[in-house]
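Structure record follows, encoded as structure tokens.
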Amino acid sequence: MPRVLVVEDEPQLARALEINLRARGYDAAVAPDGKTALRLAAAHPPDAVLLDLGLPDMPGIEVMRGLRTWSQAPVLVVSARSTSDEKVAALDAGADDYITKPFGMEELLARLRAATRRADPGSRSDGSAVVTANGFTLDLLAKKARRDGNDIRFTPTEWHLLEVLIRNRGRLVSQRQLLQEVWGPACRTRSNYLRVYMAHLRRKLEADPSHPRSLITVPGMGYRFEV
Ligand code: CA
């Protein structure tokens with residue numbers, strides 16, 4: 001049963017969404033604020049998220065950024081805010097679609113179906129905040145890592161690079177994409193940065209850094225994180 005996380009602080013609307021989703025065969029969970037949303041998502045990774053932008057404890061866009069550090073589940077923003085700047089900001093932060101309140105329930109359900117169809121079915125099952133691979137464990141939500149029972153410390157840049165690779169786990173990520181995401185567009189050609197930082201990551205995570213099992217180099221192309 002596909003699991004949908006409804007992040008909505010208006011109780012009546014949250015309840016209406018919950019009832020309609022359950023009637024359509026979804027497993028619906030409701031979070032009335034951002035902190036609860038991130039906690040529920042980490043405990044039970046959702047297949048899709050309906051996200052209100054105006055939440056009592058934090059901006060909805062922060063919830064999306066939090067989710068996007070580890071989850072590829074489709075996020076549909078459901079919000080009364082409808083200036084194009086806000087739509088662009090939501091899409092830039094990783095939203096898959098944007099639905100303006102008030103909306104028709106049938107339209108919302110149709111767009112939810114479309115978003116879950118677009119999502120790669122293979123990637124949804126591993127949308128978890130905790131990654132265990134080859135002797136180490138990474139908790140992407142808590143930003144903590146352990147290897148052989150010991151905490152591993154990363155610099156912010158190392159962690160950012162690791163997050164991008166893990167978000168795309170099993171897929172080749174090009175050097176250009178990694179450089180652009182972690183260091184910015186001005187550094188798109190500085191592949192020496194990647195060699196240095198990947199060596200740091202391997203030294204910290206891999207049992208044998210010269211024969212990596214998780215942080216794989218694809219020569220001339222980029223890198224891939226293997227679980
Ligand atoms: Ca609201």
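Residues in the structure tokens are numbered from 1 in each chain, the chains being A, B, ... in the order shown, and ligands are numbered from 1 in the order shown.
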
Can you pull out every residue within 9 Å of stretch 99-115 of chain A, counting only C-alpha atoms, but drop anything in the same chain fewer than 3 positions away, and send it as a compact mmCIF listing (two decimals) with N, CA and C atoms, in the first residue's frame?
# COMPACT_ATOMS: atom_id res chain seq x y z
N ALA A 16 -9.60 15.67 5.99
CA ALA A 16 -10.23 15.40 4.70
C ALA A 16 -9.26 14.67 3.77
N LEU A 17 -7.99 15.09 3.78
CA LEU A 17 -6.99 14.43 2.94
C LEU A 17 -6.78 12.99 3.40
N ASN A 20 -9.79 10.81 2.36
CA ASN A 20 -9.83 10.55 0.92
C ASN A 20 -8.69 9.64 0.47
N LEU A 21 -7.52 9.82 1.05
CA LEU A 21 -6.38 8.96 0.67
C LEU A 21 -6.64 7.52 1.09
N ARG A 24 -8.90 5.72 -1.12
CA ARG A 24 -8.30 5.35 -2.41
C ARG A 24 -7.20 4.31 -2.25
N ALA A 48 5.19 9.17 -1.05
CA ALA A 48 4.90 10.52 -1.56
C ALA A 48 4.57 11.41 -0.37
N VAL A 49 4.78 12.72 -0.57
CA VAL A 49 4.53 13.68 0.51
C VAL A 49 3.66 14.80 -0.03
N LEU A 50 2.60 15.15 0.70
CA LEU A 50 1.81 16.35 0.42
C LEU A 50 2.25 17.38 1.45
N PRO A 74 8.37 11.55 -4.24
CA PRO A 74 7.79 12.77 -4.80
C PRO A 74 7.14 13.65 -3.72
N VAL A 75 7.38 14.95 -3.83
CA VAL A 75 6.78 15.92 -2.90
C VAL A 75 5.86 16.83 -3.69
N LEU A 76 4.58 16.85 -3.33
CA LEU A 76 3.63 17.77 -3.93
C LEU A 76 3.36 18.88 -2.93
N VAL A 77 3.71 20.08 -3.30
CA VAL A 77 3.44 21.21 -2.43
C VAL A 77 1.97 21.58 -2.58
N VAL A 78 1.28 21.67 -1.44
CA VAL A 78 -0.14 22.03 -1.43
C VAL A 78 -0.22 23.29 -0.61
N SER A 79 -0.38 24.44 -1.27
CA SER A 79 -0.26 25.67 -0.50
C SER A 79 -1.13 26.78 -1.05
N ALA A 80 -1.54 27.67 -0.15
CA ALA A 80 -2.29 28.85 -0.56
C ALA A 80 -1.35 29.88 -1.18
N ARG A 81 -0.07 29.76 -0.89
CA ARG A 81 0.88 30.72 -1.44
C ARG A 81 1.07 30.41 -2.91
N SER A 82 0.94 31.41 -3.74
CA SER A 82 0.95 31.07 -5.16
C SER A 82 1.72 32.07 -6.00
N ASP A 96 8.07 18.16 -6.65
CA ASP A 96 7.72 17.54 -7.93
C ASP A 96 6.52 18.22 -8.56
N ARG A 118 5.63 8.80 -11.95
CA ARG A 118 6.89 9.32 -12.47
C ARG A 118 8.08 8.85 -11.64
N ALA A 119 7.83 8.71 -10.34
CA ALA A 119 8.94 8.33 -9.46
C ALA A 119 9.44 6.95 -9.88

Selection near stretch 1-12 of chain A, 7 Å with only C-alpha atoms, sequence-local residues under 4 positions removed, as a short mmCIF file (atom, residue, chain, number, x, y, z; two decimals) with N, CA and C atoms, in the first residue's frame:
data_model
loop_
_atom_site.label_atom_id
_atom_site.label_comp_id
_atom_site.auth_asym_id
_atom_site.auth_seq_id
_atom_site.Cartn_x
_atom_site.Cartn_y
_atom_site.Cartn_z
N ALA A 16 -9.60 15.67 5.99
CA ALA A 16 -10.23 15.40 4.70
C ALA A 16 -9.26 14.67 3.77
N GLY A 25 -7.08 3.74 -1.07
CA GLY A 25 -6.11 2.66 -0.90
C GLY A 25 -4.71 3.10 -0.52
N TYR A 26 -4.57 4.35 -0.07
CA TYR A 26 -3.25 4.78 0.40
C TYR A 26 -3.17 4.60 1.91
N ASP A 27 -1.95 4.39 2.39
CA ASP A 27 -1.69 4.40 3.82
C ASP A 27 -1.30 5.84 4.15
N ALA A 28 -2.19 6.59 4.81
CA ALA A 28 -1.95 8.01 5.05
C ALA A 28 -1.49 8.26 6.47
N ALA A 29 -0.47 9.11 6.61
CA ALA A 29 -0.02 9.56 7.94
C ALA A 29 -0.07 11.08 7.92
N VAL A 30 -0.46 11.69 9.04
CA VAL A 30 -0.59 13.15 9.09
C VAL A 30 0.41 13.73 10.07
N ALA A 31 1.11 14.78 9.64
CA ALA A 31 2.00 15.53 10.53
C ALA A 31 1.50 16.97 10.57
N PRO A 32 1.23 17.52 11.76
CA PRO A 32 0.72 18.89 11.84
C PRO A 32 1.81 19.96 11.84
N ASP A 33 3.07 19.56 11.86
CA ASP A 33 4.16 20.55 11.82
C ASP A 33 5.40 19.91 11.19
N ALA A 37 6.81 15.98 10.81
CA ALA A 37 6.91 15.46 9.44
C ALA A 37 8.26 14.77 9.23
N PRO A 46 8.07 7.64 3.39
CA PRO A 46 6.85 7.72 2.58
C PRO A 46 7.15 7.49 1.09
N ASP A 47 6.10 7.08 0.35
CA ASP A 47 6.22 6.97 -1.10
C ASP A 47 5.90 8.29 -1.78
N ALA A 48 5.19 9.17 -1.05
CA ALA A 48 4.90 10.52 -1.56
C ALA A 48 4.57 11.41 -0.37
N VAL A 49 4.78 12.72 -0.57
CA VAL A 49 4.53 13.68 0.51
C VAL A 49 3.66 14.80 -0.03
N LEU A 50 2.60 15.15 0.70
CA LEU A 50 1.81 16.35 0.42
C LEU A 50 2.25 17.38 1.45
N LEU A 51 2.78 18.50 0.99
CA LEU A 51 3.44 19.43 1.90
C LEU A 51 2.84 20.83 1.83
N ASP A 52 2.31 21.28 2.96
CA ASP A 52 1.87 22.67 3.11
C ASP A 52 3.11 23.52 3.37
N LEU A 55 3.71 26.30 7.86
CA LEU A 55 3.60 25.40 9.01
C LEU A 55 3.92 26.19 10.28
#

**Prompt:** Restricting the calculation to only C-alpha atoms, which member of A:Thr36, A:Gln175, A:Asn168, A:Asn192 is positioned closest to A:Gly60?
**Reply:**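 Going through A:Thr36, A:Gln175, A:Asn168, A:Asn192 one by one, the smallest distance to A:Gly60 is for A:Thr36.
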
**Prompt:** How would you write, as a VMD selection string, the set of residues in stretch 42-218 of chain A that DSSP gives as helix (DSSP H, G or I)?
**Reply:** chain A and resid 42 to 43 60 to 68 84 to 92 105 to 118 121 to 124 156 to 167 175 to 183 185 to 187 191 to 205

**Request:** Enumerate as number ranges by chain all residues of stretch 84-198 of chain A assigned to strand (DSSP E or B) by DSSP on the backbone, naming them with the chain letters and numbers the document uses.
**Result:** A: 97-100, 130-133, 136-139, 144-147, 150-152, 172-174

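For the atom pair formed by atom CA of A:Ala145 and atom CA of A:Cys187, the distance is 27.3 Å, given to one decimal.
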
Counting only C-alpha atoms, which residues in stretch 142-179 of chain A sit no more than 8 Å from stretch 197-217 of chain A? For each one, give the nearest pair of atoms and the distance in Å, sorted by chain then residue number, as JSON lines.
{"residue": "A:Arg147", "atom": "CA", "partner": "A:Leu205", "partner_atom": "CA", "distance": 7.0}
{"residue": "A:Ile152", "atom": "CA", "partner": "A:Lys204", "partner_atom": "CA", "distance": 6.9}
{"residue": "A:Glu158", "atom": "CA", "partner": "A:Tyr197", "partner_atom": "CA", "distance": 6.5}
{"residue": "A:Leu162", "atom": "CA", "partner": "A:Leu201", "partner_atom": "CA", "distance": 7.8}

**Request:** Using only C-alpha atoms, determine which residues lie at most 7 Å from A:Arg167, disregarding the query and same-chain residues fewer than 2 positions distant; provide the list as a list in words.
**Result:**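 The residues satisfying every condition are Thr69, Trp70, Ser71, Glu163, Val164, Leu165 and Arg169 of chain A.
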
**Request:** Grab the atom CA of A:Gly54 to atom CA of A:Val130 distance for me, in Å with one decimal place.
**Result:**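 The value is 27.9 Å.
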
**Asked** Any idea what the distance is between atom CA of A:Phe225 and atom CA of A:Ala89?
**Response**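 Taking atom CA of A:Phe225 as the start and atom CA of A:Ala89 as the end point, the length is 28.3 Å.
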
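For the set A:Ile19, A:Val88, A:Leu53, A:Val196, the residue with the smallest atom-to-atom gap to ligand 1 is A:Leu53, counting only C-alpha atoms and all ligand atoms.
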
Please provide as a PDB file with all heavy atoms, in the first residue's frame all residues within 10 Å of A:Lys144, with the sequence filter that same-chain residues fewer than 3 positions apart are discarded (counting only C-alpha atoms).
ATOM      1  N   VAL A 130      18.590   6.030   6.984  1.00  0.00           N
ATOM      2  CA  VAL A 130      19.751   5.324   7.520  1.00  0.00           C
ATOM      3  C   VAL A 130      20.287   4.370   6.453  1.00  0.00           C
ATOM      4  O   VAL A 130      19.553   3.550   5.910  1.00  0.00           O
ATOM      5  CB  VAL A 130      19.393   4.550   8.805  1.00  0.00           C
ATOM      6  CG1 VAL A 130      20.598   3.789   9.323  1.00  0.00           C
ATOM      7  CG2 VAL A 130      18.873   5.508   9.866  1.00  0.00           C
ATOM      8  N   THR A 137      27.645   2.774   8.931  1.00  0.00           N
ATOM      9  CA  THR A 137      26.250   3.196   8.989  1.00  0.00           C
ATOM     10  C   THR A 137      26.205   4.711   8.958  1.00  0.00           C
ATOM     11  O   THR A 137      26.941   5.383   9.682  1.00  0.00           O
ATOM     12  CB  THR A 137      25.593   2.691  10.290  1.00  0.00           C
ATOM     13  OG1 THR A 137      25.706   1.272  10.318  1.00  0.00           O
ATOM     14  CG2 THR A 137      24.129   3.073  10.342  1.00  0.00           C
ATOM     15  N   LEU A 138      25.353   5.247   8.081  1.00  0.00           N
ATOM     16  CA  LEU A 138      25.193   6.697   7.992  1.00  0.00           C
ATOM     17  C   LEU A 138      23.748   7.032   8.294  1.00  0.00           C
ATOM     18  O   LEU A 138      22.846   6.429   7.723  1.00  0.00           O
ATOM     19  CB  LEU A 138      25.505   7.180   6.566  1.00  0.00           C
ATOM     20  CG  LEU A 138      26.880   6.848   6.021  1.00  0.00           C
ATOM     21  CD1 LEU A 138      26.915   7.121   4.529  1.00  0.00           C
ATOM     22  CD2 LEU A 138      27.929   7.687   6.723  1.00  0.00           C
ATOM     23  N   ASP A 139      23.546   7.980   9.202  1.00  0.00           N
ATOM     24  CA  ASP A 139      22.210   8.480   9.480  1.00  0.00           C
ATOM     25  C   ASP A 139      22.123   9.874   8.866  1.00  0.00           C
ATOM     26  O   ASP A 139      22.699  10.832   9.385  1.00  0.00           O
ATOM     27  CB  ASP A 139      21.965   8.524  10.990  1.00  0.00           C
ATOM     28  CG  ASP A 139      20.530   8.933  11.310  1.00  0.00           C
ATOM     29  OD1 ASP A 139      19.929   9.681  10.504  1.00  0.00           O
ATOM     30  OD2 ASP A 139      20.025   8.515  12.356  1.00  0.00           O
ATOM     31  N   LEU A 140      21.415   9.947   7.729  1.00  0.00           N
ATOM     32  CA  LEU A 140      21.426  11.202   6.971  1.00  0.00           C
ATOM     33  C   LEU A 140      20.630  12.297   7.659  1.00  0.00           C
ATOM     34  O   LEU A 140      20.896  13.472   7.458  1.00  0.00           O
ATOM     35  CB  LEU A 140      20.871  10.963   5.566  1.00  0.00           C
ATOM     36  CG  LEU A 140      21.730  10.020   4.728  1.00  0.00           C
ATOM     37  CD1 LEU A 140      21.021   9.673   3.437  1.00  0.00           C
ATOM     38  CD2 LEU A 140      23.080  10.616   4.446  1.00  0.00           C
ATOM     39  N   LEU A 141      19.651  11.901   8.463  1.00  0.00           N
ATOM     40  CA  LEU A 141      18.836  12.903   9.142  1.00  0.00           C
ATOM     41  C   LEU A 141      19.618  13.496  10.315  1.00  0.00           C
ATOM     42  O   LEU A 141      19.675  14.700  10.497  1.00  0.00           O
ATOM     43  CB  LEU A 141      17.547  12.250   9.637  1.00  0.00           C
ATOM     44  CG  LEU A 141      16.411  13.205   9.954  1.00  0.00           C
ATOM     45  CD1 LEU A 141      15.980  13.968   8.711  1.00  0.00           C
ATOM     46  CD2 LEU A 141      15.244  12.430  10.519  1.00  0.00           C
ATOM     47  N   ASP A 151      32.362   6.611  16.102  1.00  0.00           N
ATOM     48  CA  ASP A 151      31.831   7.754  15.356  1.00  0.00           C
ATOM     49  C   ASP A 151      32.857   8.219  14.327  1.00  0.00           C
ATOM     50  O   ASP A 151      34.060   8.222  14.606  1.00  0.00           O
ATOM     51  CB  ASP A 151      31.525   8.913  16.308  1.00  0.00           C
ATOM     52  CG  ASP A 151      30.286   8.631  17.150  1.00  0.00           C
ATOM     53  OD1 ASP A 151      29.440   7.842  16.688  1.00  0.00           O
ATOM     54  OD2 ASP A 151      30.179   9.182  18.256  1.00  0.00           O
ATOM     55  N   ILE A 152      32.355   8.597  13.160  1.00  0.00           N
ATOM     56  CA  ILE A 152      33.231   9.167  12.135  1.00  0.00           C
ATOM     57  C   ILE A 152      32.857  10.635  12.003  1.00  0.00           C
ATOM     58  O   ILE A 152      31.671  10.963  11.951  1.00  0.00           O
ATOM     59  CB  ILE A 152      33.024   8.492  10.766  1.00  0.00           C
ATOM     60  CG1 ILE A 152      33.032   6.970  10.903  1.00  0.00           C
ATOM     61  CG2 ILE A 152      34.067   8.954   9.771  1.00  0.00           C
ATOM     62  CD1 ILE A 152      32.622   6.259   9.617  1.00  0.00           C
ATOM     63  N   ARG A 153      33.841  11.494  11.947  1.00  0.00           N
ATOM     64  CA  ARG A 153      33.573  12.924  11.772  1.00  0.00           C
ATOM     65  C   ARG A 153      33.885  13.336  10.343  1.00  0.00           C
ATOM     66  O   ARG A 153      34.888  12.909   9.770  1.00  0.00           O
ATOM     67  CB  ARG A 153      34.438  13.750  12.726  1.00  0.00           C
ATOM     68  CG  ARG A 153      34.020  13.558  14.153  1.00  0.00           C
ATOM     69  CD  ARG A 153      34.832  14.430  15.091  1.00  0.00           C
ATOM     70  NE  ARG A 153      34.413  14.174  16.452  1.00  0.00           N
ATOM     71  CZ  ARG A 153      33.343  14.742  17.016  1.00  0.00           C
ATOM     72  NH1 ARG A 153      32.614  15.604  16.316  1.00  0.00           N
ATOM     73  NH2 ARG A 153      33.013  14.442  18.252  1.00  0.00           N
ATOM     74  N   PHE A 154      32.986  14.170   9.791  1.00  0.00           N
ATOM     75  CA  PHE A 154      33.194  14.697   8.441  1.00  0.00           C
ATOM     76  C   PHE A 154      33.180  16.218   8.490  1.00  0.00           C
ATOM     77  O   PHE A 154      32.484  16.803   9.319  1.00  0.00           O
ATOM     78  CB  PHE A 154      32.062  14.251   7.507  1.00  0.00           C
ATOM     79  CG  PHE A 154      32.016  12.773   7.271  1.00  0.00           C
ATOM     80  CD1 PHE A 154      31.097  11.981   7.930  1.00  0.00           C
ATOM     81  CD2 PHE A 154      32.886  12.181   6.369  1.00  0.00           C
ATOM     82  CE1 PHE A 154      31.040  10.615   7.712  1.00  0.00           C
ATOM     83  CE2 PHE A 154      32.836  10.812   6.145  1.00  0.00           C
ATOM     84  CZ  PHE A 154      31.916  10.036   6.815  1.00  0.00           C
ATOM     85  N   TRP A 159      30.631  15.938   4.004  1.00  0.00           N
ATOM     86  CA  TRP A 159      29.271  15.428   4.231  1.00  0.00           C
ATOM     87  C   TRP A 159      28.365  15.771   3.040  1.00  0.00           C
ATOM     88  O   TRP A 159      27.563  14.953   2.598  1.00  0.00           O
ATOM     89  CB  TRP A 159      28.713  16.001   5.542  1.00  0.00           C
ATOM     90  CG  TRP A 159      27.410  15.368   5.889  1.00  0.00           C
ATOM     91  CD1 TRP A 159      26.174  15.878   5.645  1.00  0.00           C
ATOM     92  CD2 TRP A 159      27.201  14.079   6.471  1.00  0.00           C
ATOM     93  NE1 TRP A 159      25.206  14.988   6.053  1.00  0.00           N
ATOM     94  CE2 TRP A 159      25.803  13.884   6.563  1.00  0.00           C
ATOM     95  CE3 TRP A 159      28.049  13.064   6.930  1.00  0.00           C
ATOM     96  CZ2 TRP A 159      25.243  12.718   7.094  1.00  0.00           C
ATOM     97  CZ3 TRP A 159      27.481  11.908   7.453  1.00  0.00           C
ATOM     98  CH2 TRP A 159      26.101  11.741   7.534  1.00  0.00           C
TER      99      TRP A 159
END

**Request:** Tell me which protein, DNA and RNA residues are within 9 Å of A:Lys35, counting only C-alpha atoms, leaving out same-chain ones fewer than 5 positions away, and put them as a PyMOL selection string.
**Result:** chain A and resi 40+57-58+63

**Minimum-distance residue to ligand 1, chosen among A:Ala42, A:Pro56, A:Ala73, A:Ser174 (using only C-alpha atoms and all ligand atoms)** = A:Pro56
